[in-house]
$ cat my_file-v8.tsv   # TSV, C-alpha atoms
chain	number	residue	atom	x	y	z
J	1	MET	CA	205.99	4.96	13.92
J	2	LYS	CA	207.62	8.34	14.43
J	3	LYS	CA	210.89	6.56	15.11
J	4	ASP	CA	210.63	4.69	11.80
J	5	PHE	CA	210.03	7.97	9.97
J	6	THR	CA	213.07	9.69	11.50
J	7	ARG	CA	215.22	6.61	10.87
J	8	GLY	CA	214.13	6.71	7.22
J	9	MET	CA	214.89	10.43	7.04
J	10	ARG	CA	218.34	9.84	8.48
J	11	HIS	CA	219.05	7.06	6.00
J	12	GLY	CA	217.93	9.40	3.22
J	13	ILE	CA	220.46	12.15	4.05
J	14	PRO	CA	223.32	10.83	1.86
J	15	ILE	CA	220.83	10.50	-1.00
J	16	MET	CA	219.60	14.04	-0.35
J	17	LEU	CA	223.14	15.43	-0.61
J	18	GLY	CA	223.78	13.50	-3.83
J	19	TYR	CA	220.45	14.65	-5.26
J	20	LEU	CA	221.21	18.28	-4.40
J	21	SER	CA	224.15	18.24	-6.79
J	22	VAL	CA	222.52	16.19	-9.55
J	23	SER	CA	219.27	18.18	-9.56
J	24	PHE	CA	221.32	21.36	-9.47
J	25	GLY	CA	222.63	20.29	-12.86
J	26	PHE	CA	219.11	19.48	-13.98
J	27	GLY	CA	217.96	22.99	-12.97
J	28	ILE	CA	220.72	24.57	-15.04
J	29	LEU	CA	219.86	22.36	-18.01
J	30	ALA	CA	216.13	23.12	-17.87
J	31	ILE	CA	216.77	26.88	-17.93
J	32	GLN	CA	219.19	26.46	-20.86
J	33	LYS	CA	216.35	24.69	-22.71
J	34	ASN	CA	214.12	27.75	-22.16
J	35	LEU	CA	211.89	26.28	-19.47
J	36	SER	CA	210.66	28.51	-16.65
J	37	ILE	CA	211.92	28.07	-13.09
J	38	LEU	CA	208.43	26.92	-12.10
J	39	ALA	CA	208.37	24.29	-14.87
J	40	ALA	CA	211.83	23.00	-13.88
J	41	VAL	CA	210.83	22.62	-10.22
J	42	GLY	CA	207.43	21.24	-11.26
J	43	ILE	CA	209.08	18.48	-13.28
J	44	SER	CA	211.38	17.53	-10.38
J	45	VAL	CA	208.56	17.51	-7.81
J	46	THR	CA	206.28	15.32	-9.93
J	47	ASN	CA	208.86	12.95	-11.43
J	48	LEU	CA	211.71	12.46	-8.93
J	49	THR	CA	213.97	10.80	-11.48
J	50	SER	CA	217.17	11.96	-13.20
J	51	ALA	CA	217.63	10.41	-16.65
J	52	GLY	CA	213.90	10.49	-17.41
J	53	GLN	CA	213.68	14.19	-16.61
J	54	VAL	CA	216.68	15.10	-18.73
J	55	ALA	CA	215.21	13.17	-21.68
J	56	GLY	CA	211.75	14.68	-21.00
J	57	VAL	CA	213.12	18.22	-21.11
J	58	GLY	CA	214.73	17.28	-24.43
J	59	VAL	CA	211.34	16.20	-25.82
J	60	ILE	CA	209.70	19.42	-24.59
J	61	ALA	CA	212.48	21.61	-26.01
J	62	ALA	CA	212.24	19.84	-29.39
J	63	GLY	CA	208.44	20.21	-29.41
J	64	GLY	CA	208.02	16.43	-29.62
J	65	SER	CA	204.69	14.59	-29.50
J	66	LEU	CA	203.10	13.25	-26.33
J	67	ILE	CA	203.51	9.70	-27.68
J	68	GLU	CA	207.23	10.36	-27.96
J	69	MET	CA	207.23	11.61	-24.36
J	70	ILE	CA	205.42	8.49	-23.13
J	71	LEU	CA	207.67	6.04	-25.02
J	72	CYS	CA	210.79	7.88	-23.93
J	73	GLN	CA	209.75	7.71	-20.25
J	74	ILE	CA	208.81	4.03	-20.50
J	75	VAL	CA	212.15	3.04	-22.01
J	76	ILE	CA	214.27	5.04	-19.58
J	77	ASN	CA	212.22	4.34	-16.46
J	78	LEU	CA	211.18	0.73	-16.99
J	79	ARG	CA	213.85	-0.34	-14.50
J	80	TYR	CA	211.61	1.12	-11.77
J	81	SER	CA	209.09	-1.65	-12.49
J	82	LEU	CA	211.78	-4.18	-11.72
J	83	MET	CA	212.68	-2.33	-8.51
J	84	SER	CA	209.03	-2.01	-7.45
J	85	LEU	CA	208.52	-5.73	-8.04
J	86	SER	CA	211.57	-6.52	-5.95
J	87	LEU	CA	210.46	-4.16	-3.15
J	88	SER	CA	206.90	-5.57	-3.20
J	89	GLN	CA	208.38	-8.74	-1.71
J	90	LYS	CA	210.03	-6.85	1.12
J	91	LEU	CA	207.03	-4.89	2.42
J	92	ASP	CA	205.73	-5.28	5.97
J	93	SER	CA	202.11	-6.47	6.37
J	94	SER	CA	201.20	-2.93	7.50
J	95	PHE	CA	201.89	-1.78	3.92
J	96	THR	CA	198.26	-1.60	2.74
J	97	LEU	CA	197.16	-0.55	-0.74
J	98	PRO	CA	196.82	3.20	0.05
J	99	HIS	CA	200.36	3.17	1.47
J	100	ARG	CA	201.60	1.34	-1.62
J	101	LEU	CA	199.94	3.92	-3.90
J	102	ILE	CA	201.72	6.75	-2.08
J	103	ALA	CA	205.14	5.15	-1.54
J	104	ALA	CA	205.41	3.96	-5.16
J	105	TYR	CA	205.96	7.62	-6.10
J	106	GLY	CA	209.34	7.51	-4.37
J	107	VAL	CA	210.90	4.41	-5.93
J	108	THR	CA	214.15	5.81	-7.32
J	109	ASP	CA	217.48	4.06	-7.96
J	110	GLU	CA	218.99	5.30	-4.72
J	111	ILE	CA	215.94	4.93	-2.47
J	112	PHE	CA	215.47	1.42	-3.85
J	113	ALA	CA	219.13	0.64	-3.19
J	114	LEU	CA	218.84	1.57	0.48
J	115	ALA	CA	215.37	0.11	1.02
J	116	SER	CA	216.20	-3.23	-0.57
J	117	THR	CA	219.34	-3.72	1.54
J	118	GLN	CA	217.57	-3.09	4.89
J	119	PRO	CA	217.70	-6.18	7.13
J	120	GLU	CA	214.00	-6.03	8.16
J	121	PRO	CA	210.65	-5.75	6.26
J	122	LEU	CA	209.81	-2.21	5.17
J	123	LYS	CA	207.20	-0.22	7.11
J	124	PRO	CA	205.29	2.68	5.50
J	125	ALA	CA	206.64	5.29	7.96
J	126	TYR	CA	210.22	4.23	7.24
J	127	MET	CA	209.66	4.46	3.47
J	128	TYR	CA	208.05	7.92	3.79
J	129	GLY	CA	211.06	9.16	5.76
J	130	LEU	CA	213.45	7.58	3.28
J	131	ILE	CA	211.62	9.35	0.43
J	132	PHE	CA	211.17	12.67	2.24
J	133	THR	CA	214.78	13.85	2.66
J	134	PRO	CA	215.82	12.92	-0.92
J	135	PHE	CA	212.63	14.62	-2.20
J	136	ILE	CA	213.63	17.86	-0.44
J	137	GLY	CA	217.16	17.60	-1.86
J	138	TRP	CA	215.89	16.92	-5.38
J	139	SER	CA	213.38	19.83	-5.37
J	140	ALA	CA	215.66	22.32	-3.61
J	141	GLY	CA	218.61	21.43	-5.85
J	142	THR	CA	216.51	22.01	-8.96
J	143	LEU	CA	215.35	25.39	-7.65
J	144	LEU	CA	218.92	26.40	-6.79
J	145	GLY	CA	220.27	25.24	-10.15
J	146	ALA	CA	217.50	27.03	-12.04
J	147	THR	CA	217.97	30.30	-10.14
J	148	ALA	CA	221.70	30.40	-9.31
J	149	GLY	CA	223.24	27.70	-11.51
J	150	ASN	CA	225.98	29.84	-12.91
J	151	LEU	CA	227.43	30.84	-9.54
J	152	LEU	CA	229.34	27.59	-8.87
J	153	PRO	CA	232.51	26.88	-10.88
J	154	THR	CA	232.02	24.03	-13.38
J	155	SER	CA	235.00	22.13	-11.88
J	156	VAL	CA	232.93	21.72	-8.70
J	157	THR	CA	229.65	20.76	-10.37
J	158	THR	CA	231.28	18.21	-12.70
J	159	ALA	CA	233.12	16.56	-9.79
J	160	MET	CA	229.83	16.41	-7.86
J	161	SER	CA	228.31	14.34	-10.66
J	162	LEU	CA	230.36	11.40	-9.32
J	163	MET	CA	228.63	11.43	-5.95
J	164	LEU	CA	225.65	9.18	-6.72
J	165	TYR	CA	227.84	6.61	-8.45
J	166	GLY	CA	230.17	6.71	-5.44
J	167	MET	CA	227.18	5.94	-3.27
J	168	PHE	CA	226.17	2.98	-5.47
J	169	ILE	CA	229.66	1.55	-5.06
J	170	ALA	CA	229.47	2.04	-1.30
J	171	ILE	CA	226.21	0.05	-1.28
J	172	ILE	CA	227.34	-2.94	-3.35
J	173	ILE	CA	230.96	-3.48	-2.25
J	174	PRO	CA	230.54	-4.37	1.45
J	175	PRO	CA	228.03	-7.23	0.76
J	176	ALA	CA	230.25	-8.41	-2.13
J	177	LYS	CA	233.13	-8.83	0.32
J	178	LYS	CA	231.07	-11.27	2.38
J	179	SER	CA	229.32	-13.16	-0.42
J	180	ARG	CA	231.01	-14.66	-3.47
J	181	ARG	CA	227.76	-14.97	-5.38
J	182	ILE	CA	226.91	-11.29	-4.87
J	183	LEU	CA	230.40	-10.44	-6.14
J	184	PHE	CA	229.71	-12.75	-9.09
J	185	VAL	CA	226.44	-11.04	-10.04
J	186	ILE	CA	228.02	-7.57	-9.67
J	187	LEU	CA	230.94	-8.44	-11.97
J	188	LEU	CA	228.68	-10.21	-14.47
J	189	SER	CA	226.19	-7.35	-14.63
J	190	ALA	CA	228.95	-4.74	-15.00
J	191	SER	CA	230.50	-6.79	-17.84
J	192	PHE	CA	227.18	-7.08	-19.70
J	193	SER	CA	226.54	-3.38	-19.22
J	194	VAL	CA	229.99	-2.45	-20.59
J	195	LEU	CA	229.60	-4.84	-23.55
J	196	LEU	CA	226.14	-3.49	-24.43
J	197	LYS	CA	227.34	0.10	-24.18
J	198	PHE	CA	230.20	-0.41	-26.62
J	199	LEU	CA	228.94	-3.18	-28.92
J	200	LEU	CA	225.24	-2.24	-29.13
J	201	PRO	CA	225.09	1.48	-28.27
J	202	MET	CA	221.83	1.90	-30.21
J	203	ILE	CA	219.75	0.11	-27.60
J	204	GLY	CA	220.20	3.05	-25.21
J	205	ASP	CA	221.22	3.29	-21.56
J	206	GLY	CA	217.76	2.57	-20.12
J	207	PHE	CA	217.36	-0.76	-21.90
J	208	ALA	CA	221.03	-1.68	-21.43
J	209	VAL	CA	220.64	-1.53	-17.63
J	210	ILE	CA	217.47	-3.65	-17.72
J	211	ILE	CA	218.99	-6.31	-19.99
J	212	ALA	CA	222.31	-6.48	-18.11
J	213	ALA	CA	220.62	-6.68	-14.71
J	214	LEU	CA	217.97	-9.23	-15.70
J	215	VAL	CA	220.30	-11.57	-17.60
J	216	SER	CA	222.98	-11.56	-14.91
J	217	SER	CA	220.45	-12.06	-12.08
J	218	MET	CA	218.87	-14.96	-13.97
J	219	ILE	CA	222.26	-16.60	-14.53
J	220	ALA	CA	223.15	-16.13	-10.85
J	221	ALA	CA	219.72	-17.47	-9.80
J	222	ALA	CA	220.21	-20.57	-11.97
J	223	LEU	CA	223.77	-21.21	-10.74
J	224	PHE	CA	223.32	-20.20	-7.10
J	225	PRO	CA	219.65	-20.36	-6.08
J	226	VAL	CA	219.03	-18.77	-2.68
J	227	GLU	CA	217.24	-20.44	0.24
J	228	GLU	CA	213.76	-19.22	1.13
J	229	LYS	CA	215.13	-17.83	4.40
J	230	GLU	CA	217.93	-15.82	2.79
J	231	ALA	CA	215.62	-14.37	0.11
J	232	SER	CA	213.40	-12.75	2.73
J	233	GLU	CA	216.34	-11.22	4.57
Y	1	MET	CA	201.53	22.62	-26.84
Y	2	SER	CA	201.47	23.74	-23.23
Y	3	VAL	CA	204.46	22.75	-21.09
Y	4	LEU	CA	201.99	21.83	-18.36
Y	5	ILE	CA	200.50	19.02	-20.48
Y	6	TYR	CA	203.96	17.61	-21.19
Y	7	ILE	CA	204.78	17.65	-17.49
Y	8	LEU	CA	201.52	15.95	-16.53
Y	9	VAL	CA	201.94	13.20	-19.16
Y	10	MET	CA	205.55	12.69	-18.11
Y	11	ALA	CA	204.69	12.47	-14.41
Y	12	LEU	CA	201.76	10.10	-14.96
Y	13	THR	CA	203.83	7.74	-17.14
Y	14	THR	CA	206.65	7.61	-14.60
Y	15	TYR	CA	204.21	7.04	-11.72
Y	16	LEU	CA	202.38	4.18	-13.49
Y	17	ILE	CA	205.69	2.42	-14.21
Y	18	ARG	CA	206.46	2.53	-10.49
Y	19	VAL	CA	203.05	1.84	-9.00
Y	20	ILE	CA	201.79	-1.08	-11.10
Y	21	PRO	CA	204.12	-3.82	-9.78
Y	22	PHE	CA	204.19	-2.22	-6.32
Y	23	ALA	CA	200.41	-2.27	-5.88
Y	24	ALA	CA	199.52	-5.32	-7.98
Y	25	VAL	CA	201.91	-7.86	-6.46
Y	26	ARG	CA	200.38	-8.29	-3.01
Y	27	GLY	CA	201.30	-11.81	-2.01
Y	28	LYS	CA	204.63	-13.52	-1.59
Y	29	ILE	CA	206.09	-15.01	-4.74
Y	30	ARG	CA	206.65	-18.77	-4.25
Y	31	SER	CA	208.94	-19.66	-7.14
Y	32	ARG	CA	212.46	-20.26	-5.85
Y	33	PHE	CA	213.93	-19.13	-9.17
Y	34	ILE	CA	212.03	-15.81	-9.22
Y	35	ASN	CA	212.90	-15.18	-5.57
Y	36	SER	CA	216.54	-15.82	-6.36
Y	37	VAL	CA	216.40	-13.41	-9.30
Y	38	LEU	CA	214.78	-10.77	-7.08
Y	39	TYR	CA	217.47	-11.36	-4.44
Y	40	TYR	CA	220.22	-10.59	-6.98
Y	41	ILE	CA	218.43	-7.76	-8.84
Y	42	PRO	CA	219.42	-4.85	-6.54
Y	43	TYR	CA	223.14	-5.62	-6.86
Y	44	ALA	CA	222.86	-6.27	-10.60
Y	45	VAL	CA	220.89	-3.06	-11.28
Y	46	LEU	CA	223.27	-0.86	-9.28
Y	47	SER	CA	226.31	-2.45	-10.88
Y	48	ALA	CA	224.93	-2.04	-14.42
Y	49	MET	CA	224.00	1.57	-13.72
Y	50	THR	CA	227.44	2.37	-12.32
Y	51	PHE	CA	229.57	0.65	-14.97
Y	52	PRO	CA	230.58	1.95	-17.41
Y	53	ALA	CA	228.64	5.22	-16.77
Y	54	ILE	CA	230.89	6.24	-13.84
Y	55	PHE	CA	233.89	6.57	-16.18
Y	56	PHE	CA	232.08	9.28	-18.14
Y	57	ALA	CA	230.43	11.04	-15.18
Y	58	THR	CA	232.73	14.07	-15.08
Y	59	GLY	CA	233.16	14.22	-18.85
Y	60	ASP	CA	236.82	13.28	-18.41
Y	61	VAL	CA	237.94	9.64	-18.20
Y	62	VAL	CA	241.03	10.35	-16.06
Y	63	THR	CA	239.30	12.32	-13.28
Y	64	SER	CA	236.35	9.89	-13.34
Y	65	ALA	CA	238.70	6.89	-13.06
Y	66	VAL	CA	240.48	8.43	-10.06
Y	67	GLY	CA	237.10	9.06	-8.41
Y	68	THR	CA	236.08	5.46	-9.15
Y	69	VAL	CA	239.22	3.95	-7.61
Y	70	ILE	CA	238.82	6.12	-4.50
Y	71	ALA	CA	235.16	5.05	-4.19
Y	72	LEU	CA	236.10	1.36	-4.54
Y	73	LEU	CA	238.85	1.64	-1.90
Y	74	MET	CA	236.73	3.60	0.58
Y	75	ALA	CA	233.80	1.20	0.08
Y	76	TYR	CA	236.13	-1.76	0.61
Y	77	PHE	CA	236.99	-0.37	4.03
Y	78	ASP	CA	233.27	-0.04	4.89
Y	79	LEU	CA	233.24	3.76	5.13
Y	80	PRO	CA	229.77	5.40	5.30
Y	81	LEU	CA	227.88	6.12	2.06
Y	82	ILE	CA	228.21	9.88	2.29
Y	83	ALA	CA	231.96	9.67	2.94
Y	84	VAL	CA	232.46	7.47	-0.12
Y	85	ALA	CA	230.32	9.78	-2.27
Y	86	LEU	CA	232.16	12.93	-1.15
Y	87	GLY	CA	235.59	11.24	-1.26
Y	88	SER	CA	235.05	10.16	-4.82
Y	89	ALA	CA	233.95	13.66	-5.90
Y	90	ALA	CA	236.83	15.30	-4.00
Y	91	GLY	CA	239.31	12.95	-5.67
Y	92	ALA	CA	238.03	13.87	-9.12
Y	93	PHE	CA	238.06	17.58	-8.25
Y	94	LEU	CA	241.68	17.49	-6.97
Y	95	THR	CA	242.86	15.44	-9.96
Y	96	ASP	CA	241.30	18.01	-12.28
Y	97	LEU	CA	243.00	20.80	-10.31
Y	98	ILE	CA	246.40	19.06	-10.49
Y	99	ILE	CA	246.06	18.38	-14.23
Y	100	ARG	CA	245.15	22.01	-14.85
Y	101	THR	CA	248.03	23.46	-12.81
Y	102	VAL	CA	250.75	21.05	-13.95
Y	103	PHE	CA	249.95	20.75	-17.64
$ encode --input "my_file-v8.tsv" --output "structure tokens"
Amino acid sequence: MKKDFTRGMRHGIPIMLGYLSVSFGFGILAIQKNLSILAAVGISVTNLTSAGQVAGVGVIAAGGSLIEMILCQIVINLRYSLMSLSLSQKLDSSFTLPHRLIAAYGVTDEIFALASTQPEPLKPAYMYGLIFTPFIGWSAGTLLGATAGNLLPTSVTTAMSLMLYGMFIAIIIPPAKKSRRILFVILLSASFSVLLKFLLPMIGDGFAVIIAALVSSMIAAALFPVEEKEASE
Amino acid sequence: MSVLIYILVMALTTYLIRVIPFAAVRGKIRSRFINSVLYYIPYAVLSAMTFPAIFFATGDVVTSAVGTVIALLMAYFDLPLIAVALGSAAGAFLTDLIIRTVF
């Protein structure tokens, strides 16, 4: 139990470092939009998401309606529903409803990426550890950005914005080397995403990711269905 | 309107999006097609989120592209996540430095 928690925490360290830099940028942004330090940290602690928070701060700064806030969050964050659904199939039998209600809070792009590529079923203690270190990075980075954002040169902070994408690449490339069909779905999804971005920019980044990922996974599932045994791996 | 209300509404919306499928889908899904889709989803989601966004991450296509190539190469050689993440950022930083000093 304790071992699972520490293993999760250890796995969460790269995410924590990436989050430190991204949330640092969020902290700077929130202060620029006239939010208090407390509000900036409060948003990060309760939301634990990047794009949704940036858009949310935009709604607050513009004095938008609550309906606008809700719609904006749904569009940008709907991909989490897809990730939660996928993870629901990977949970250990010890993952009871109370555990699910708590752990759902921490389903982010990066935590999902690591959790979903674990070889064994997910235990609650492991998930809590995997959420804990990134949570600390996200909150602390926001606080640092909000209080001391202007101390780092912009050349450093802009370069750091590549870190999370670098991590995504490090997650998807090694399995793609071993499996042609994973390589196929990665290339297909990237192509759809690029096409949507340039041909239909009005649908927005949140929806573009959902459409690209769903369509390419469905095509791959139709062409190369996986065996029951592989799917649970 | 109070900022606190905005934050609460924002947090609740985001939480519900995450928790509904996580708590509601308790059993194993039997459909082979849906299971296959769910098997591919993680790779598809990460790929769609990375491309083309990574090329605009630093605000400059050249430094972002250098960072991307470095990440792809390091990932190809199975280097740890944190090394790939830092290597890609360092590559973009150095490219920016070189461009600034030379041009």
$ atom_distance --input "my_file-v8.tsv" --atom1 "atom CA of Y:Ile20" --atom2 "atom CA of J:Ser81"
7.5 Å
$ residues_around --input "my_file-v8.tsv" --residues "stretch 6-12 of chain J" --least-positions-apart "2" --cutoff "7 Å" --atoms "all atoms listed in the file" --output "list of chain:residue names"
J:Lys2, J:Lys3, J:Asp4, J:Pro14, J:Ile15, J:Met16, J:Tyr126, J:Met127, J:Gly129, J:Leu130, J:Ile131, J:Phe132, J:Thr133, J:Pro134
$ residues_around --input "my_file-v8.tsv" --residues "J:Leu122" --least-positions-apart "4" --cutoff "8 Å" --atoms "all atoms listed in the file" --output "PyMOL selection string"
chain J and resi 90-92+115+118+126-127
$ closest_residue --input "my_file-v8.tsv" --among "J:Ser193, J:Ser36, J:Thr154, J:Ser88" --to "Y:Leu4" --atoms "only C-alpha atoms"
J:Ser36
$ closest_residue --input "my_file-v8.tsv" --among "Y:Arg32, Y:Tyr6, Y:Val69, Y:Val102" --to "J:Val226" --atoms "only C-alpha atoms"
Y:Arg32
$ closest_residue --input "my_file-v8.tsv" --among "J:Met218, J:Val209, J:Met160, J:Leu187" --to "J:Leu20" --atoms "only C-alpha atoms"
J:Met160
$ residues_around --input "my_file-v8.tsv" --residues "stretch 108-112 of chain J" --least-positions-apart "3" --cutoff "9 Å" --atoms "only C-alpha atoms" --output "PyMOL selection string"
(chain J and resi 12+15+48-49+79-80+83-84+87+105+115-117+127+130-131+134+164+167-168) or (chain Y and resi 18+42+45-46)
$ residues_around --input "my_file-v8.tsv" --residues "J:Ala208" --least-positions-apart "6" --cutoff "9 Å" --atoms "only C-alpha atoms" --output "count of residues only"
8
